[in-house]
Amino acid sequence: MTTTLIKKLSEPQSVMIIVLAVISYLNISERTILPDVPKRMEIQSSILSGTMEPPYQYRVMKPLLGKILQTAILPFSGDEEFTHALSYQLLNFAVFLGIYVLLYRYLRNFFSANVCILGMALFAALLPLCITSIWEEGDYITLLLYLAGLSLIFSGREKYLPLIFLIGVFNRDQIIFLLMFYAAYLYSEGRLNDRSARMTALLSALLWAAGYLSLRLIFGFRESIYTVQHNVSTNINTWISAAELWTAMILVFVILSISAFRKSGKYFRFGLLILIPYTVIYFCLAIVTQLAKFLPAYLILIPMSLQVLSGEYTAQNNEKEVPKPANTEGGIP
Amino acid sequence: MRPGFIMALFLTAISFLIVDGRIIKPGLEEKYSLQQSILSGTNETRLQYGVLAPAVSFAIQKMAGTIVINNQKLRLYSFELMSLFLFGAFFLLLYLYLRTSFTETVSITGLVLAQVLLALIIQDVYTEQAIFNLVFFVMGMLLFSIRKDFLLPLVIALGGLNQPQILALLLFYILLLFAEDRLLNFKSAAVILLSIGVWLLESSLLKSVYGLRTESAVTDQTPVNVPVYIALMLILFLSAFAGSGKSMKFRRYSLLFIPLYFVFTMLVMPDASAADLSPSIVLMLPAFLSMFETSVNKGSLAENRSTIA
C-alpha cells in the first residue's frame with residue numbers, strides 16, 4: 001500500500017498538485033493570515049459571538065472550522081496567536097489541496113493530463129492578485145465547494161448536490177450560482193426536462209433557502225451597509241484600478257474564451273453565456289477589485305482558454321462523452 | 001499569434017501588477033533614493049556595483065521627463081516601465097528557451113510555473129536587479145540552446161553591470177559543453193576565456209571607480225521568510241527527484257550543480273535574497289517539465305530549435 005501511495009505521489013500531476021498547493025498556501029499565509037493575527041482573532045470572536053456586521057456575520061463556516069482546529073491545537077501550543085495562525089494555515093492548506101485535486105478531476109473531463117496541469121498552474125498564477133484582505137479565505141472555500149459540486153455533477157452523483165448548497169450557504173450566499181453550472185451541464189446533456197434533475201435543483205434551492213433563513217433567524221435580520229448602491233458607486237469610483245486588474249486578469253481569458261466559443265462543447269457555450277449575468281450580479285453585490293469572489297467564473301474561463309492554448313477543443317468529444325471517467329489516463333491522487 | 005506569446009503577455013501583466021502593488025508604489029521613495037545613491041557613487045553597500053538597473057531607470061526618467069512634468073509620477077512611471085519591460089523580456093525569452101525542448105503546452109506550463117514561483121519570492125525593493133539577472137540567465141540559456149554561444153561574452157558583460165553572479169552562467173555553459181562533448185574545442189575555449197576576461201575587467205573597473213564596498217544591503221522591507229525558503233527547497237528537491245530520470249544529460253548535470261551555483265552566488269553576493277537566487281528556477285524548470293514529456297512530443301524538437309535560431 002505504501003509503495004502504491006509513493007507511486008501515485010510521484011506521478012507528474014500529483015507532484016504538480018502538491019507544489020501548487022504549497023505555493024498557494026504560502027501566498028495566503030504570508031499575505032492574508034500572518035499580517036494581522038490579533039485583528040483576525042477579533043473578527044473571528046465577533047462572528048462567533050454574533051456581534052459582527054452583516055454580511056460577515058452570516059459567514060460562519062470558516063470561523064467555526066477555525067475554532068474547532070484551535071480547540072484541538074491550543075492544549076499543545078499554549079499561545080493563542082500562534083494557534084490561530086496555525087489553525088488557519090492548516091485549514092488553508094487542506095482547502096488548496098482540495099481545490100487542486102478537484103480542479104484536476106474537473107479538467108480531466110475535457111482535456112489530456114498535460115493540459116489539465118497547465119489549467120491548474122494558470123489558476124495558481126491568478127491567486128496573488130486575488131488577495132485583498134486579511135479575512136478572505138472563505139472565497140477559496142466557496143471555490144472548493146463549487147468544485148466539489150461539479151465533481152458530483154460530472155461523476156453522476158448529482159443526488160448529493162443539495163448537500164453542497166446546504167453546507168455552502170453557511171460560508172457564502174453565492175454558492176446558489178452553482179445551480180447555473182448545473183443547468184449548463186443539464187443543457188449539454190439534453191436533460192433540462194429530466195424530472196430527477198429538476199428535483200435535485202429544487203431541493204438544492206430549498207436547502208440553500210433554509211440555510212439562508214436559519215442564519216438570519218439565529219443572528220437576526222440586520223441591514224448591511226454594503227448595499228447595491230454602495231457597491232456600484234465604489235466600483236465606479238475605483239474604475240481605474242478595477243480596469244487595470246480586470247485587463248490583466250480577465251481580458252486574456254475572455255478573448256481566448258470567445259475565440260474558442262464555436263469549437264466548444266455545449267456546456268462551455270452555455271457556461272460562458274451565464275457568466276454575463278454572473279458578472280452583472282458581481283458588479284452590484286461586490287467590489288470588483290476583490291477578485292477572489294470572482295474565482296468560480298474561472299471554472300468556465302480557464303477550460304475555455306485551455307482549448308485555444310492546447311488545441312484540444314471540447315466540441316468534438318464533449319457532447320457524447322460527458323461525463324467521462326476522470327481517471328482514464330495517468331491516475332489521480 | 002502563438003498561444004505562448006499570448007501567455008507571455010498575460011504573465012507579464014500579472015507579474016507587473018504584483019510588483020507594482022507590492023513594491024514599486026509603496027517603496028517609491030526608497031527605490032528612488034537607492035537609484036540616486038548608486039548613480040552618484042555614494043551607496044555604502046555592495047549594491048553600488050549594480051549600476052545597470054539605476055542607469056536604465058534614470059535614462060527612462062530623462063526621456064519621459066520631456067512629457068511628464070510631475071517628478072513623483074515620472075519616477076513611478078520609470079520604475080513601472082522598467083519592470084514591465086523586464087517581465088516581458090523574461091517571459092518571452094523563457095518561452096523561446098523552453099520551446100527548444102518542449103511542446104507548446106508544456107512550455108506554457110513552464111512559463112506559468114515560473115511566474116507562480118516568482119510571485120512568491122519577489123519581496124523587496126531590489127527586485128529589478130534580480131529580474132535583470134534572471135533575464136540575462138535565460139538569455140544565456142537560450143543562446144546555448146540555439147547554438148549562438150559566441151554571444152555569451154556580451155551577456156556576461158551586460159549582466160556583470162547588474163550582479164556579479166552572472167558569471168555562474170559560465171558554469172552551466174561548461175556543463176553543457178561537457179554533456180555534449182564539446183569542451184575541448186577551440187571556439188568554446190575562446191568563448192569561456194573571453195567571458196571570464198570581460199567579467200574580471202568589468203568587476204575590477206567597477207571596484208576601482210567606486211572603491212571597495214563590503215557592507216551588506218539589508219533594509220526593513222526585507223522579510224525573513226522561512227516558509228518560502230523551505231518551500232523553495234522542497235520544490236527544488238521535488239523537481240530534481242521527479243524530472244531527473246527522464247532528462248537529457250545537461251539537465252541532469254544542471255540539477256546536480258545547483259548547490260554549487262548557490263555557493264558561488266553566496267560567495268560573490270553574501271546578502272543574496274531568494275529573488276537573487278531565482279535563476280535556479282530557470283535551471284531546474286526543464287528537468288521538472290521533463291516529467292510531462294511523452295515520446296510523441298520529442299519529434300518536433302529539432303524543428304523548434306531551427307525555427308528559433
# chains A, B, ... in the order shown; residues from 1 in each chain; ligands from 1
call {"tool": "interface_residues", "arguments": {"of": "chain A", "to": "chain B", "cutoff": "10 Å", "atoms": "only C-alpha atoms", "output": "count of residues only"}}
result
49
call {"tool": "residues_around", "arguments": {"residues": "segment 264-266 of chain B", "least_positions_apart": "2", "cutoff": "10 Å", "atoms": "only C-alpha atoms", "output": "PyMOL selection string"}}
result
chain B and resi 163-168+171+258-262+268-273+276-277
call {"tool": "write_last_selection", "arguments": {"atoms": "C-alpha atoms", "output": "CSV table (one decimal), in the first residue's frame"}}
result
chain,number,residue,atom,x,y,z
B,163,GLN,CA,25.1,41.5,-10.5
B,164,PRO,CA,28.4,39.6,-10.3
B,165,GLN,CA,26.7,36.3,-10.1
B,166,ILE,CA,26.1,36.3,-13.8
B,167,LEU,CA,29.5,34.5,-14.1
B,168,ALA,CA,27.7,31.4,-12.8
B,171,LEU,CA,29.5,27.1,-15.1
B,258,ILE,CA,22.6,24.0,-8.5
B,259,PRO,CA,24.1,23.7,-5.0
B,260,LEU,CA,27.4,24.8,-6.4
B,261,TYR,CA,25.6,27.8,-8.1
B,262,PHE,CA,24.2,28.7,-4.6
B,268,VAL,CA,30.1,36.9,-4.6
B,269,MET,CA,26.8,38.2,-3.1
B,270,PRO,CA,26.6,37.2,0.6
B,271,ASP,CA,23.4,39.2,1.1
B,272,ALA,CA,21.6,37.5,-1.8
B,273,SER,CA,17.8,37.1,-1.3
B,276,ASP,CA,18.5,36.8,-6.4
B,277,LEU,CA,18.8,33.0,-6.4
call {"tool": "residues_around", "arguments": {"residues": "Leu151 of chain B", "least_positions_apart": "6", "cutoff": "12 Å", "atoms": "only C-alpha atoms", "output": "list in words"}}
result
Phe136, Met139, Gly140, Met141, Leu142, Leu143, Phe144, Ala157, Leu158, Lys187, Ser188, Ala190, Val191, Ile192, Leu194 and Ser195 of chain B
call {"tool": "write_last_selection", "arguments": {"atoms": "N, CA and C atoms", "output": "PDB file, in the first residue's frame"}}
result
ATOM      1  N   PHE B 136      19.095  37.899 -18.002  1.00  0.00           N
ATOM      2  CA  PHE B 136      20.387  37.550 -18.598  1.00  0.00           C
ATOM      3  C   PHE B 136      20.649  36.041 -18.531  1.00  0.00           C
ATOM      4  N   MET B 139      18.533  34.479 -21.177  1.00  0.00           N
ATOM      5  CA  MET B 139      19.118  34.832 -22.470  1.00  0.00           C
ATOM      6  C   MET B 139      20.307  33.905 -22.755  1.00  0.00           C
ATOM      7  N   GLY B 140      21.143  33.720 -21.746  1.00  0.00           N
ATOM      8  CA  GLY B 140      22.306  32.841 -21.887  1.00  0.00           C
ATOM      9  C   GLY B 140      21.888  31.415 -22.206  1.00  0.00           C
ATOM     10  N   MET B 141      20.907  30.915 -21.469  1.00  0.00           N
ATOM     11  CA  MET B 141      20.460  29.535 -21.697  1.00  0.00           C
ATOM     12  C   MET B 141      19.876  29.383 -23.106  1.00  0.00           C
ATOM     13  N   LEU B 142      19.158  30.408 -23.537  1.00  0.00           N
ATOM     14  CA  LEU B 142      18.582  30.366 -24.893  1.00  0.00           C
ATOM     15  C   LEU B 142      19.702  30.345 -25.931  1.00  0.00           C
ATOM     16  N   LEU B 143      20.719  31.174 -25.698  1.00  0.00           N
ATOM     17  CA  LEU B 143      21.847  31.202 -26.641  1.00  0.00           C
ATOM     18  C   LEU B 143      22.546  29.843 -26.709  1.00  0.00           C
ATOM     19  N   PHE B 144      22.667  29.171 -25.552  1.00  0.00           N
ATOM     20  CA  PHE B 144      23.258  27.814 -25.562  1.00  0.00           C
ATOM     21  C   PHE B 144      22.413  26.902 -26.454  1.00  0.00           C
ATOM     22  N   ALA B 157      28.956  40.479 -20.084  1.00  0.00           N
ATOM     23  CA  ALA B 157      29.344  41.889 -19.935  1.00  0.00           C
ATOM     24  C   ALA B 157      28.169  42.717 -19.423  1.00  0.00           C
ATOM     25  N   LEU B 158      27.014  42.522 -20.024  1.00  0.00           N
ATOM     26  CA  LEU B 158      25.829  43.285 -19.588  1.00  0.00           C
ATOM     27  C   LEU B 158      25.396  42.870 -18.184  1.00  0.00           C
ATOM     28  N   LYS B 187      36.768  26.992 -30.263  1.00  0.00           N
ATOM     29  CA  LYS B 187      35.737  28.040 -30.222  1.00  0.00           C
ATOM     30  C   LYS B 187      35.154  28.167 -28.807  1.00  0.00           C
ATOM     31  N   SER B 188      34.848  27.023 -28.213  1.00  0.00           N
ATOM     32  CA  SER B 188      34.263  27.020 -26.871  1.00  0.00           C
ATOM     33  C   SER B 188      35.246  27.605 -25.861  1.00  0.00           C
ATOM     34  N   ALA B 190      37.582  29.700 -26.413  1.00  0.00           N
ATOM     35  CA  ALA B 190      37.690  31.146 -26.645  1.00  0.00           C
ATOM     36  C   ALA B 190      36.520  31.879 -25.984  1.00  0.00           C
ATOM     37  N   VAL B 191      35.316  31.304 -26.128  1.00  0.00           N
ATOM     38  CA  VAL B 191      34.122  31.926 -25.526  1.00  0.00           C
ATOM     39  C   VAL B 191      34.272  31.978 -24.005  1.00  0.00           C
ATOM     40  N   ILE B 192      34.749  30.870 -23.430  1.00  0.00           N
ATOM     41  CA  ILE B 192      34.900  30.806 -21.970  1.00  0.00           C
ATOM     42  C   ILE B 192      35.937  31.831 -21.493  1.00  0.00           C
ATOM     43  N   LEU B 194      37.109  34.496 -23.017  1.00  0.00           N
ATOM     44  CA  LEU B 194      36.670  35.870 -23.272  1.00  0.00           C
ATOM     45  C   LEU B 194      35.649  36.304 -22.210  1.00  0.00           C
ATOM     46  N   SER B 195      34.721  35.406 -21.874  1.00  0.00           N
ATOM     47  CA  SER B 195      33.690  35.723 -20.870  1.00  0.00           C
ATOM     48  C   SER B 195      34.336  36.017 -19.518  1.00  0.00           C
TER      49      SER B 195
END
call {"tool": "residues_around", "arguments": {"residues": "Thr214 of chain B", "least_positions_apart": "4", "cutoff": "12 Å", "atoms": "only C-alpha atoms", "output": "VMD selection string"}}
result
chain B and resid 43 to 49 207 210 267 to 271
call {"tool": "closest_residue", "arguments": {"among": "A:Tyr267, A:Asn231, A:Ser133, A:Leu192", "to": "Asn109 of chain A", "atoms": "only C-alpha atoms"}}
result
A:Tyr267
call {"tool": "residues_around", "arguments": {"residues": "Met82 of chain B", "least_positions_apart": "3", "cutoff": "10 Å", "atoms": "only C-alpha atoms", "output": "VMD selection string"}}
result
chain B and resid 16 53 56 to 57 60 77 to 79 85 to 88 128 132
call {"tool": "atom_distance", "arguments": {"atom1": "atom CA of Arg222 of chain A", "atom2": "atom CA of Pro38 of chain A"}}
result
25.8 Å
call {"tool": "select_by_dssp", "arguments": {"residues": "segment 153-219 of chain A", "states": "alpha helix (DSSP H)", "output": "count of residues only"}}
result
47
call {"tool": "atom_distance", "arguments": {"atom1": "atom CA of Met52 of chain A", "atom2": "atom CA of Thr289 of chain A"}}
result
23.1 Å
call {"tool": "closest_residue", "arguments": {"among": "A:Tyr104, A:Leu285, A:Thr4, A:Ile134", "to": "Ile225 of chain A", "atoms": "only C-alpha atoms"}}
result
A:Leu285
